[in-house]
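Novice: The following block contains the structure, expressed as structure tokens.
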Amino acid sequence: MEVRKLGRTDYNIGVVGFGGIPIQRLDEEEAVRLIDLARKEGINFIDTARGYEASESLIGIGIRGTREHWTIATKSMARDYESMKKDIEISLKNLCCEYIDLYQCHNVRTKDQYDQIMSANGAYKALDEAMKEGKIKAIGITSHDIGILESAIETDYFSTIQFPYNAVERQAEDLFKKAKERNIGVIVMKPLAGGAITKGNLALRFILENPNVSVVIPGIDRVEQVAENAAVAKSFIPLNKDERQELEKLAKELGSKFCRRCGYCLPCPQEIDIPTQFLMEGYYTRYDLKEWAATRYSSLPKKASDCIECGKCETRCPYDLPIREMLKNVTKQLG
């Protein structure tokens with residue numbers, strides 16, 4: 001597998017990593033099996049978070065006896081000193097590790113949040129202390145806001161940044177170039193645009209063509225994904241003209257207002273599975289699976305039409321999507 005240096009850290013990592021969000025849905029046996037398969041395929045970077053429910057704990061079990069193989073990254077939504085200090089200890093316990101390779105400030109959405117993190121009693125102080133104590137080895141930051149990360153890389157306080165990047169969402173290319181120039185690692189999330197890009201091979205190859213990317217972390221929850229993802233990095237082939245045009249066509253069709261299925265909008269007070277509403281709409285409108293999508297949509301316990309327009313979902317969406325209007329469109333399409 002092709003290896004790239006993770007910014008200013010000492011870590012040489014395979015360019016395709018293991019995104020740990022989906023394994024929270026698996027049982028222990030299956031999660032451990034996937035992690036072991038990933039190791040055997042040469043994947044050595046694994047990313048999780050405090051907010052991914054059982055993901056940290058499952059990874060902790062899955063890496064037993066092979067800790068030296070892995071570069072482990074996790075992250076916390078904590079913004080203040082005490083909360084971050086507490087989360088670091090929980091992560092160490094969950095991951096069954098004496099140290100964590102990369103600890104990140106998770107999903108920093110606003111300047112106020114960033115300022116709080118960097119304040120005298122902010123989360124960064126706890127991370128800096130933990131690094132001096134050897135509990136973590138490097139500090140990173142993740143966001144869905146380019147402005148936040150532009151400010152972060154200017155400080156030189158962070159070894160890595162993490163941001164969505166794919167053939168549909170290319171707005172961070174200049175940011176990645178600046179990060180590389182400052183020797184800051186670039187971790188790419190949402191490589192399939194939350195499932196909107198169905199051809200994973202093309203999606204990953206597009207990302208790996210960018211020399212400023214350190215590692216891409218597609219979510220993994222099935223056996224076949226492990227070998228397929230690793231194969232892209234083991235025998236990398238640049239996109240040809242037809243493949244590039246195919247991705248460009250998809251990007252044009254999707255535009256900017258589409259759901260990446262990150263799940264931050266949940267829980268809905270009306271118990272609507274919001275990402276699934278948009279997934280079914282996508283199958284109905286984009287993939288010529290109208291009957292299939294309509295049947296599955298009709299079986300959902302709560303539908304887009306159950307929305308009472310409280311707007312709580314929109315306050316949580318990192319992409320500032322007009323979810324209420326989008327749900328109305330789902331109702332219009334699927335009933």
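Chain labels run A, B, ... following the order of the structure tokens; each chain numbers its residues from 1, and ligands are numbered from 1 in the order shown.
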Using only C-alpha atoms, determine which residues lie at most 12 Å from Gln171 in chain A, disregarding the query and same-chain residues fewer than 3 positions distant; provide the list as a list in words.
Specialist: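 Neighbouring residues, sequence-local ones excluded: His144, Asp145, Ile146, Gly147, Phe163, Pro164, Tyr165, Asn166, Ala167, Val168, Asp174, Leu175, Phe176, Lys177 and Ser256 of chain A.
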Novice: Dump all heavy atoms for the selected residues as a compact mmCIF listing (two decimals), in the first residue's frame?
Specialist:
# COMPACT_ATOMS: atom_id res chain seq x y z
N HIS A 144 -16.43 21.19 9.32
CA HIS A 144 -17.07 21.25 8.01
C HIS A 144 -17.08 22.69 7.51
O HIS A 144 -17.77 23.01 6.54
CB HIS A 144 -18.51 20.72 8.09
CG HIS A 144 -18.61 19.27 8.41
ND1 HIS A 144 -18.38 18.77 9.68
CD2 HIS A 144 -18.91 18.19 7.64
CE1 HIS A 144 -18.54 17.45 9.67
NE2 HIS A 144 -18.86 17.08 8.45
N ASP A 145 -16.32 23.55 8.18
CA ASP A 145 -16.24 24.97 7.83
C ASP A 145 -14.80 25.30 7.44
O ASP A 145 -13.89 25.23 8.27
CB ASP A 145 -16.69 25.81 9.03
CG ASP A 145 -16.76 27.29 8.72
OD1 ASP A 145 -15.71 27.87 8.37
OD2 ASP A 145 -17.84 27.89 8.86
N ILE A 146 -14.59 25.69 6.21
CA ILE A 146 -13.24 25.97 5.73
C ILE A 146 -12.60 27.11 6.52
O ILE A 146 -11.41 27.07 6.85
CB ILE A 146 -13.25 26.31 4.23
CG1 ILE A 146 -13.43 25.04 3.41
CG2 ILE A 146 -11.96 27.01 3.81
CD1 ILE A 146 -13.40 25.26 1.92
N GLY A 147 -13.39 28.14 6.84
CA GLY A 147 -12.85 29.29 7.57
C GLY A 147 -12.23 28.90 8.90
O GLY A 147 -11.19 29.44 9.29
N PHE A 163 -11.39 17.20 6.95
CA PHE A 163 -12.44 17.94 6.25
C PHE A 163 -13.04 17.05 5.16
O PHE A 163 -12.35 16.18 4.61
CB PHE A 163 -11.84 19.20 5.61
CG PHE A 163 -12.86 20.20 5.12
CD1 PHE A 163 -13.43 21.11 6.01
CD2 PHE A 163 -13.23 20.25 3.79
CE1 PHE A 163 -14.37 22.04 5.57
CE2 PHE A 163 -14.18 21.17 3.34
CZ PHE A 163 -14.74 22.07 4.24
N PRO A 164 -14.33 17.25 4.80
CA PRO A 164 -14.91 16.48 3.71
C PRO A 164 -14.28 16.85 2.36
O PRO A 164 -14.01 18.02 2.09
CB PRO A 164 -16.39 16.89 3.73
CG PRO A 164 -16.62 17.51 5.07
CD PRO A 164 -15.32 18.12 5.45
N TYR A 165 -14.06 15.83 1.55
CA TYR A 165 -13.51 16.07 0.21
C TYR A 165 -13.87 14.89 -0.67
O TYR A 165 -13.69 13.73 -0.29
CB TYR A 165 -11.99 16.23 0.28
CG TYR A 165 -11.31 16.45 -1.05
CD1 TYR A 165 -11.64 17.52 -1.86
CD2 TYR A 165 -10.31 15.58 -1.49
CE1 TYR A 165 -11.01 17.72 -3.08
CE2 TYR A 165 -9.67 15.77 -2.71
CZ TYR A 165 -10.02 16.85 -3.49
OH TYR A 165 -9.38 17.05 -4.69
N ASN A 166 -14.39 15.19 -1.84
CA ASN A 166 -14.76 14.16 -2.81
C ASN A 166 -14.99 14.84 -4.16
O ASN A 166 -14.81 16.06 -4.28
CB ASN A 166 -16.01 13.40 -2.34
CG ASN A 166 -17.13 14.34 -1.95
OD1 ASN A 166 -17.67 15.05 -2.79
ND2 ASN A 166 -17.46 14.37 -0.65
N ALA A 167 -15.37 14.07 -5.14
CA ALA A 167 -15.55 14.61 -6.48
C ALA A 167 -16.67 15.64 -6.56
O ALA A 167 -16.70 16.45 -7.49
CB ALA A 167 -15.82 13.48 -7.47
N VAL A 168 -17.57 15.62 -5.58
CA VAL A 168 -18.67 16.58 -5.56
C VAL A 168 -18.29 17.82 -4.75
O VAL A 168 -18.63 18.94 -5.12
CB VAL A 168 -19.93 15.93 -4.96
CG1 VAL A 168 -21.10 16.91 -4.93
CG2 VAL A 168 -20.31 14.68 -5.75
N ASP A 174 -7.69 24.34 -2.09
CA ASP A 174 -6.69 25.37 -1.73
C ASP A 174 -6.27 25.24 -0.27
O ASP A 174 -5.10 25.43 0.07
CB ASP A 174 -7.25 26.77 -1.99
CG ASP A 174 -7.33 27.10 -3.48
OD1 ASP A 174 -6.64 26.42 -4.27
OD2 ASP A 174 -8.08 28.02 -3.85
N LEU A 175 -7.22 24.90 0.60
CA LEU A 175 -6.93 24.69 2.02
C LEU A 175 -5.93 23.55 2.19
O LEU A 175 -4.96 23.67 2.95
CB LEU A 175 -8.21 24.38 2.78
CG LEU A 175 -8.05 23.93 4.23
CD1 LEU A 175 -7.63 25.11 5.11
CD2 LEU A 175 -9.36 23.33 4.76
N PHE A 176 -6.15 22.47 1.48
CA PHE A 176 -5.25 21.32 1.58
C PHE A 176 -3.84 21.68 1.11
O PHE A 176 -2.84 21.23 1.69
CB PHE A 176 -5.78 20.16 0.74
CG PHE A 176 -7.04 19.53 1.27
CD1 PHE A 176 -7.72 18.57 0.53
CD2 PHE A 176 -7.57 19.87 2.51
CE1 PHE A 176 -8.88 17.97 1.00
CE2 PHE A 176 -8.73 19.30 3.01
CZ PHE A 176 -9.39 18.34 2.24
N LYS A 177 -3.76 22.48 0.07
CA LYS A 177 -2.45 22.90 -0.44
C LYS A 177 -1.71 23.73 0.61
O LYS A 177 -0.52 23.53 0.86
CB LYS A 177 -2.62 23.70 -1.72
CG LYS A 177 -1.32 24.13 -2.36
CD LYS A 177 -1.56 24.89 -3.65
CE LYS A 177 -0.23 25.33 -4.27
NZ LYS A 177 -0.45 26.12 -5.52
N SER A 256 -24.97 21.40 -4.57
CA SER A 256 -24.41 21.54 -3.22
C SER A 256 -25.39 21.17 -2.11
O SER A 256 -24.99 20.90 -0.99
CB SER A 256 -23.93 22.98 -3.00
OG SER A 256 -25.01 23.88 -3.15
Novice: For the structure I just gave you, how does DSSP split range 91-182 of chain A - specifically, which residues are alpha helix (DSSP H)? Reply as number ranges by chain.
Specialist: A: 91-94, 111-117, 123-132, 146-155, 173-181
Novice: Could you turn the residues from that selection into a file that holds N, CA and C atoms, as a short mmCIF file (atom, residue, chain, number, x, y, z; two decimals), in the first residue's frame?
Specialist:
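Dumped to selection.cif:
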data_model
loop_
_atom_site.label_atom_id
_atom_site.label_comp_id
_atom_site.auth_asym_id
_atom_site.auth_seq_id
_atom_site.Cartn_x
_atom_site.Cartn_y
_atom_site.Cartn_z
N SER A 91 -11.46 7.94 26.43
CA SER A 91 -10.96 7.38 25.19
C SER A 91 -9.83 6.39 25.45
N LEU A 92 -8.91 6.75 26.34
CA LEU A 92 -7.80 5.84 26.67
C LEU A 92 -8.33 4.52 27.22
N LYS A 93 -9.35 4.61 28.06
CA LYS A 93 -9.95 3.40 28.64
C LYS A 93 -10.66 2.59 27.56
N ASN A 94 -11.47 3.26 26.74
CA ASN A 94 -12.22 2.56 25.70
C ASN A 94 -11.30 1.87 24.70
N LYS A 111 -16.88 30.16 14.98
CA LYS A 111 -15.72 30.87 15.53
C LYS A 111 -15.80 30.92 17.05
N ASP A 112 -17.01 31.06 17.58
CA ASP A 112 -17.17 31.07 19.04
C ASP A 112 -16.69 29.75 19.65
N GLN A 113 -17.04 28.63 19.01
CA GLN A 113 -16.56 27.34 19.50
C GLN A 113 -15.04 27.25 19.41
N TYR A 114 -14.49 27.70 18.30
CA TYR A 114 -13.04 27.67 18.12
C TYR A 114 -12.35 28.54 19.17
N ASP A 115 -12.89 29.73 19.39
CA ASP A 115 -12.31 30.64 20.39
C ASP A 115 -12.37 30.02 21.79
N GLN A 116 -13.48 29.33 22.08
CA GLN A 116 -13.59 28.68 23.40
C GLN A 116 -12.54 27.59 23.55
N ILE A 117 -12.36 26.79 22.52
CA ILE A 117 -11.37 25.72 22.55
C ILE A 117 -9.97 26.26 22.81
N ALA A 123 -10.49 23.57 25.63
CA ALA A 123 -10.17 22.17 25.40
C ALA A 123 -8.73 21.97 24.95
N TYR A 124 -8.19 22.94 24.22
CA TYR A 124 -6.82 22.77 23.73
C TYR A 124 -5.82 22.66 24.88
N LYS A 125 -6.07 23.37 25.95
CA LYS A 125 -5.18 23.30 27.12
C LYS A 125 -5.11 21.87 27.65
N ALA A 126 -6.24 21.18 27.69
CA ALA A 126 -6.26 19.79 28.17
C ALA A 126 -5.50 18.88 27.21
N LEU A 127 -5.64 19.12 25.91
CA LEU A 127 -4.92 18.32 24.92
C LEU A 127 -3.42 18.55 25.02
N ASP A 128 -3.03 19.80 25.19
CA ASP A 128 -1.61 20.13 25.32
C ASP A 128 -1.00 19.47 26.56
N GLU A 129 -1.73 19.49 27.65
CA GLU A 129 -1.25 18.84 28.89
C GLU A 129 -1.12 17.33 28.67
N ALA A 130 -2.13 16.74 28.02
CA ALA A 130 -2.10 15.30 27.77
C ALA A 130 -0.93 14.91 26.87
N MET A 131 -0.59 15.77 25.94
CA MET A 131 0.54 15.49 25.06
C MET A 131 1.85 15.54 25.85
N LYS A 132 1.98 16.51 26.74
CA LYS A 132 3.18 16.62 27.56
C LYS A 132 3.31 15.42 28.52
N ILE A 146 -14.59 25.69 6.21
CA ILE A 146 -13.24 25.97 5.73
C ILE A 146 -12.60 27.11 6.52
N GLY A 147 -13.39 28.14 6.84
CA GLY A 147 -12.85 29.29 7.57
C GLY A 147 -12.23 28.90 8.90
N ILE A 148 -12.87 27.96 9.60
CA ILE A 148 -12.33 27.50 10.89
C ILE A 148 -10.96 26.88 10.69
N LEU A 149 -10.84 26.02 9.69
CA LEU A 149 -9.57 25.32 9.47
C LEU A 149 -8.50 26.25 8.89
N GLU A 150 -8.91 27.24 8.14
CA GLU A 150 -7.95 28.24 7.66
C GLU A 150 -7.31 28.97 8.84
N SER A 151 -8.13 29.29 9.82
CA SER A 151 -7.60 29.93 11.03
C SER A 151 -6.70 28.97 11.80
N ALA A 152 -7.12 27.72 11.88
CA ALA A 152 -6.38 26.74 12.67
C ALA A 152 -4.98 26.48 12.11
N ILE A 153 -4.87 26.37 10.79
CA ILE A 153 -3.56 26.04 10.23
C ILE A 153 -2.58 27.20 10.33
N GLU A 154 -3.10 28.41 10.49
CA GLU A 154 -2.22 29.57 10.64
C GLU A 154 -1.55 29.61 12.01
N THR A 155 -2.12 28.91 12.98
CA THR A 155 -1.59 28.95 14.34
C THR A 155 -0.41 28.02 14.55
N GLU A 173 -9.68 22.34 -1.76
CA GLU A 173 -8.42 22.04 -2.43
C GLU A 173 -7.33 23.06 -2.12
N ASP A 174 -7.69 24.34 -2.09
CA ASP A 174 -6.69 25.37 -1.73
C ASP A 174 -6.27 25.24 -0.27
N LEU A 175 -7.22 24.90 0.60
CA LEU A 175 -6.93 24.69 2.02
C LEU A 175 -5.93 23.55 2.19
N PHE A 176 -6.15 22.47 1.48
CA PHE A 176 -5.25 21.32 1.58
C PHE A 176 -3.84 21.68 1.11
N LYS A 177 -3.76 22.48 0.07
CA LYS A 177 -2.45 22.90 -0.44
C LYS A 177 -1.71 23.73 0.61
N LYS A 178 -2.43 24.64 1.25
CA LYS A 178 -1.82 25.47 2.31
C LYS A 178 -1.38 24.61 3.49
N ALA A 179 -2.21 23.63 3.84
CA ALA A 179 -1.86 22.73 4.95
C ALA A 179 -0.58 21.97 4.63
N LYS A 180 -0.49 21.45 3.41
CA LYS A 180 0.71 20.69 3.01
C LYS A 180 1.95 21.59 3.08
N GLU A 181 1.81 22.83 2.66
CA GLU A 181 2.94 23.77 2.69
C GLU A 181 3.41 24.03 4.12
#
Novice: Counting only C-alpha atoms, which residues in range 210-263 of chain A sit no more than 12 Å from range 54-67 of chain A? For each one, give the nearest pair of atoms and the distance in Å, sorted by chain then residue number, as CSV.
Specialist:
residue,atom,partner,partner_atom,distance
A:Gly219,CA,A:Ser55,CA,11.6
A:Ile220,CA,A:Ser55,CA,11.5
A:Asp221,CA,A:Ser55,CA,11.3
Novice: DSSP says strand (DSSP E or B) for which residues of range 58-206 of chain A? Put them as a short mmCIF file (atom, residue, chain, number, x, y, z; two decimals) with all heavy atoms, in the first residue's frame?
Specialist:
data_model
loop_
_atom_site.label_atom_id
_atom_site.label_comp_id
_atom_site.auth_asym_id
_atom_site.auth_seq_id
_atom_site.Cartn_x
_atom_site.Cartn_y
_atom_site.Cartn_z
N THR A 71 -1.94 3.38 13.81
CA THR A 71 -1.98 4.79 14.18
C THR A 71 -3.45 5.09 14.48
O THR A 71 -4.30 5.01 13.59
CB THR A 71 -1.48 5.68 13.04
OG1 THR A 71 -0.11 5.37 12.77
CG2 THR A 71 -1.59 7.16 13.42
N ILE A 72 -3.73 5.39 15.75
CA ILE A 72 -5.11 5.53 16.22
C ILE A 72 -5.46 7.00 16.39
O ILE A 72 -4.75 7.75 17.08
CB ILE A 72 -5.31 4.80 17.55
CG1 ILE A 72 -4.98 3.31 17.39
CG2 ILE A 72 -6.74 4.97 18.05
CD1 ILE A 72 -4.93 2.57 18.71
N ALA A 73 -6.57 7.40 15.77
CA ALA A 73 -7.07 8.76 15.90
C ALA A 73 -8.47 8.71 16.48
O ALA A 73 -9.31 7.91 16.06
CB ALA A 73 -7.10 9.45 14.54
N THR A 74 -8.72 9.57 17.46
CA THR A 74 -10.08 9.75 17.93
C THR A 74 -10.31 11.24 18.14
O THR A 74 -9.43 12.06 17.87
CB THR A 74 -10.36 8.92 19.22
OG1 THR A 74 -11.77 8.93 19.48
CG2 THR A 74 -9.62 9.47 20.42
N LYS A 75 -11.50 11.60 18.61
CA LYS A 75 -11.82 13.02 18.72
C LYS A 75 -12.97 13.23 19.70
O LYS A 75 -13.71 12.31 20.01
CB LYS A 75 -12.18 13.60 17.35
CG LYS A 75 -13.06 12.75 16.46
CD LYS A 75 -12.98 13.23 15.01
CE LYS A 75 -13.84 12.39 14.09
NZ LYS A 75 -13.29 11.04 13.86
N SER A 76 -13.09 14.48 20.14
CA SER A 76 -14.10 14.81 21.15
C SER A 76 -14.76 16.14 20.81
O SER A 76 -14.13 17.06 20.29
CB SER A 76 -13.44 14.92 22.53
OG SER A 76 -14.31 15.56 23.45
N ASP A 80 -14.39 22.79 26.48
CA ASP A 80 -13.72 23.39 27.63
C ASP A 80 -12.69 22.41 28.22
O ASP A 80 -12.67 21.23 27.89
CB ASP A 80 -14.73 23.79 28.71
CG ASP A 80 -15.49 22.60 29.27
OD1 ASP A 80 -15.00 21.96 30.22
OD2 ASP A 80 -16.56 22.26 28.73
N ILE A 100 -2.74 7.66 22.79
CA ILE A 100 -3.49 7.77 21.54
C ILE A 100 -2.65 8.61 20.59
O ILE A 100 -2.13 9.66 20.96
CB ILE A 100 -4.87 8.42 21.78
CG1 ILE A 100 -5.74 7.47 22.62
CG2 ILE A 100 -5.56 8.75 20.46
CD1 ILE A 100 -6.97 8.12 23.20
N LEU A 102 -3.36 10.35 17.79
CA LEU A 102 -3.90 11.64 17.35
C LEU A 102 -5.23 11.89 18.03
O LEU A 102 -6.15 11.09 17.91
CB LEU A 102 -4.08 11.65 15.82
CG LEU A 102 -4.74 12.89 15.22
CD1 LEU A 102 -3.85 14.12 15.39
CD2 LEU A 102 -5.05 12.66 13.74
N TYR A 103 -5.32 13.00 18.75
CA TYR A 103 -6.59 13.37 19.40
C TYR A 103 -7.05 14.69 18.78
O TYR A 103 -6.30 15.67 18.75
CB TYR A 103 -6.43 13.51 20.91
CG TYR A 103 -7.69 13.14 21.65
CD1 TYR A 103 -7.82 11.92 22.31
CD2 TYR A 103 -8.79 14.00 21.68
CE1 TYR A 103 -8.99 11.57 22.97
CE2 TYR A 103 -9.95 13.66 22.34
CZ TYR A 103 -10.06 12.45 22.98
OH TYR A 103 -11.21 12.09 23.64
N GLN A 104 -8.31 14.71 18.30
CA GLN A 104 -8.79 15.84 17.53
C GLN A 104 -9.97 16.56 18.20
O GLN A 104 -10.82 15.92 18.82
CB GLN A 104 -9.24 15.35 16.14
CG GLN A 104 -8.16 14.63 15.36
CD GLN A 104 -8.76 13.73 14.29
OE1 GLN A 104 -8.84 14.11 13.14
NE2 GLN A 104 -9.18 12.53 14.67
N CYS A 105 -10.01 17.86 18.02
CA CYS A 105 -11.20 18.64 18.37
C CYS A 105 -12.23 18.37 17.26
O CYS A 105 -11.96 18.62 16.09
CB CYS A 105 -10.87 20.12 18.44
SG CYS A 105 -9.69 20.55 19.72
N GLY A 122 -9.78 26.42 27.81
CA GLY A 122 -10.42 25.69 26.73
C GLY A 122 -9.90 24.28 26.57
O GLY A 122 -8.97 23.83 27.26
N ILE A 136 -1.29 11.51 24.70
CA ILE A 136 -1.55 11.64 23.27
C ILE A 136 -0.27 12.11 22.61
O ILE A 136 0.60 12.71 23.25
CB ILE A 136 -2.72 12.61 22.96
CG1 ILE A 136 -2.38 14.04 23.39
CG2 ILE A 136 -4.00 12.16 23.63
CD1 ILE A 136 -3.44 15.06 23.02
N ILE A 139 -2.07 16.55 18.09
CA ILE A 139 -3.37 17.20 18.22
C ILE A 139 -3.87 17.62 16.84
O ILE A 139 -3.12 18.20 16.04
CB ILE A 139 -3.28 18.44 19.13
CG1 ILE A 139 -2.77 18.05 20.52
CG2 ILE A 139 -4.64 19.14 19.24
CD1 ILE A 139 -2.45 19.24 21.41
N GLY A 140 -5.14 17.33 16.57
CA GLY A 140 -5.74 17.70 15.30
C GLY A 140 -7.07 18.40 15.50
O GLY A 140 -7.56 18.56 16.63
N ILE A 141 -7.68 18.81 14.39
CA ILE A 141 -8.97 19.49 14.44
C ILE A 141 -9.79 19.10 13.23
O ILE A 141 -9.25 18.93 12.13
CB ILE A 141 -8.77 21.03 14.51
CG1 ILE A 141 -10.13 21.75 14.61
CG2 ILE A 141 -7.96 21.54 13.32
CD1 ILE A 141 -10.00 23.25 14.92
N THR A 142 -11.09 18.91 13.42
CA THR A 142 -11.98 18.57 12.32
C THR A 142 -13.10 19.61 12.25
O THR A 142 -13.53 20.16 13.27
CB THR A 142 -12.61 17.17 12.47
OG1 THR A 142 -13.81 17.24 13.25
CG2 THR A 142 -11.64 16.20 13.12
N THR A 160 -2.78 18.11 12.35
CA THR A 160 -3.64 17.62 11.27
C THR A 160 -4.93 18.42 11.21
O THR A 160 -5.36 19.02 12.19
CB THR A 160 -4.02 16.13 11.46
OG1 THR A 160 -4.82 16.00 12.64
CG2 THR A 160 -2.79 15.25 11.56
N ILE A 161 -5.53 18.39 10.02
CA ILE A 161 -6.90 18.87 9.85
C ILE A 161 -7.70 17.74 9.20
O ILE A 161 -7.14 16.87 8.52
CB ILE A 161 -6.99 20.13 8.98
CG1 ILE A 161 -6.38 19.88 7.58
CG2 ILE A 161 -6.32 21.31 9.66
CD1 ILE A 161 -6.62 21.02 6.59
N GLN A 162 -9.01 17.75 9.43
CA GLN A 162 -9.89 16.76 8.79
C GLN A 162 -11.09 17.49 8.23
O GLN A 162 -11.73 18.30 8.91
CB GLN A 162 -10.32 15.70 9.81
CG GLN A 162 -11.13 14.57 9.18
CD GLN A 162 -11.47 13.45 10.15
OE1 GLN A 162 -12.51 12.81 10.05
NE2 GLN A 162 -10.59 13.20 11.11
N PHE A 163 -11.39 17.20 6.95
CA PHE A 163 -12.44 17.94 6.25
C PHE A 163 -13.04 17.05 5.16
O PHE A 163 -12.35 16.18 4.61
CB PHE A 163 -11.84 19.20 5.61
CG PHE A 163 -12.86 20.20 5.12
CD1 PHE A 163 -13.43 21.11 6.01
CD2 PHE A 163 -13.23 20.25 3.79
CE1 PHE A 163 -14.37 22.04 5.57
CE2 PHE A 163 -14.18 21.17 3.34
CZ PHE A 163 -14.74 22.07 4.24
N PRO A 164 -14.33 17.25 4.80
CA PRO A 164 -14.91 16.48 3.71
C PRO A 164 -14.28 16.85 2.36
O PRO A 164 -14.01 18.02 2.09
CB PRO A 164 -16.39 16.89 3.73
CG PRO A 164 -16.62 17.51 5.07
CD PRO A 164 -15.32 18.12 5.45
N GLY A 185 -0.91 17.56 8.35
CA GLY A 185 -1.54 16.41 7.72
C GLY A 185 -2.98 16.69 7.33
O GLY A 185 -3.70 17.42 8.02
N VAL A 186 -3.41 16.11 6.22
CA VAL A 186 -4.77 16.29 5.71
C VAL A 186 -5.49 14.94 5.71
O VAL A 186 -5.10 14.01 5.01
CB VAL A 186 -4.76 16.87 4.29
CG1 VAL A 186 -6.16 16.86 3.68
CG2 VAL A 186 -4.19 18.29 4.29
N ILE A 187 -6.52 14.83 6.54
CA ILE A 187 -7.35 13.63 6.64
C ILE A 187 -8.67 13.92 5.94
O ILE A 187 -9.36 14.89 6.28
CB ILE A 187 -7.60 13.25 8.11
CG1 ILE A 187 -6.27 13.06 8.85
CG2 ILE A 187 -8.45 11.99 8.20
CD1 ILE A 187 -6.42 12.98 10.36
N VAL A 188 -9.02 13.10 4.98
CA VAL A 188 -10.24 13.32 4.20
C VAL A 188 -11.36 12.43 4.70
O VAL A 188 -11.23 11.20 4.74
CB VAL A 188 -9.99 13.03 2.70
CG1 VAL A 188 -11.31 12.93 1.93
CG2 VAL A 188 -9.11 14.12 2.11
N MET A 189 -12.46 13.07 5.10
CA MET A 189 -13.68 12.34 5.45
C MET A 189 -14.72 12.54 4.35
O MET A 189 -14.54 13.36 3.45
CB MET A 189 -14.23 12.81 6.79
CG MET A 189 -14.56 14.29 6.88
SD MET A 189 -15.33 14.69 8.47
CE MET A 189 -15.01 16.45 8.61
#
Novice: Taking a cut-off of 8 Å and counting only C-alpha atoms, can you build a table that, for each residue of range 187-261 of chain A near range 276-291 of chain A, reports the nearest atom pair and how far apart they are in Å (one decimal), sorted by chain then residue number, as JSON lines?
Specialist:
{"residue": "A:Ala196", "atom": "CA", "partner": "A:Gly282", "partner_atom": "CA", "distance": 7.9}
{"residue": "A:Cys259", "atom": "CA", "partner": "A:Phe278", "partner_atom": "CA", "distance": 6.6}
{"residue": "A:Arg261", "atom": "CA", "partner": "A:Thr276", "partner_atom": "CA", "distance": 7.9}
Novice: Go ahead and dump the residues you just picked, all heavy atoms, as a compact mmCIF listing (two decimals), in the first residue's frame.
Specialist:
# COMPACT_ATOMS: atom_id res chain seq x y z
N ALA A 196 -23.69 9.44 -1.65
CA ALA A 196 -24.21 9.97 -2.91
C ALA A 196 -23.41 9.46 -4.10
O ALA A 196 -23.93 9.31 -5.21
CB ALA A 196 -24.21 11.49 -2.89
N CYS A 259 -27.80 15.67 1.12
CA CYS A 259 -27.49 15.10 2.43
C CYS A 259 -26.30 14.16 2.33
O CYS A 259 -26.27 13.28 1.47
CB CYS A 259 -28.72 14.36 2.97
SG CYS A 259 -28.42 13.49 4.52
N ARG A 261 -25.50 12.25 4.86
CA ARG A 261 -25.83 11.17 5.81
C ARG A 261 -24.86 11.10 6.98
O ARG A 261 -24.52 10.02 7.45
CB ARG A 261 -25.91 9.83 5.06
CG ARG A 261 -27.05 9.75 4.08
CD ARG A 261 -26.88 8.65 3.07
NE ARG A 261 -26.79 7.35 3.70
CZ ARG A 261 -26.34 6.26 3.08
NH1 ARG A 261 -25.94 6.34 1.83
NH2 ARG A 261 -26.29 5.11 3.71
Novice: With only C-alpha atoms as the atoms that count, which of A:Ile90, A:Leu192, A:Leu204, A:Ala233 lies nearest to Glu2 in chain A?
Specialist: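 Looking only at the distances to Glu2 in chain A, the closest residue turns out to be A:Ala233.
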Novice: Using only C-alpha atoms, determine which residues lie at most 10 Å from Met326 in chain A, disregarding the query and same-chain residues fewer than 3 positions distant; provide the list as a PyMOL selection string.
Specialist: chain A and resi 257-259+274+277-278+281+304+321-323+329-332
Novice: Considering only C-alpha atoms, state which residue in the set A:Gln270, A:Asn44, A:Ser119, A:Ser298 is at the smallest distance from Gly311 in chain A.
Specialist: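 Going through A:Gln270, A:Asn44, A:Ser119, A:Ser298 one by one, the smallest distance to Gly311 in chain A is for A:Gln270.
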Novice: Could you please determine the separation between CA of Gly255 in chain A and CA of Glu314 in chain A in Å, to one decimal place?
Specialist: 18.8 Å
Novice: What does the distance between CA of Asp242 in chain A and CA of Pro211 in chain A come to in Å, to one decimal place?
Specialist: 21.7 Å
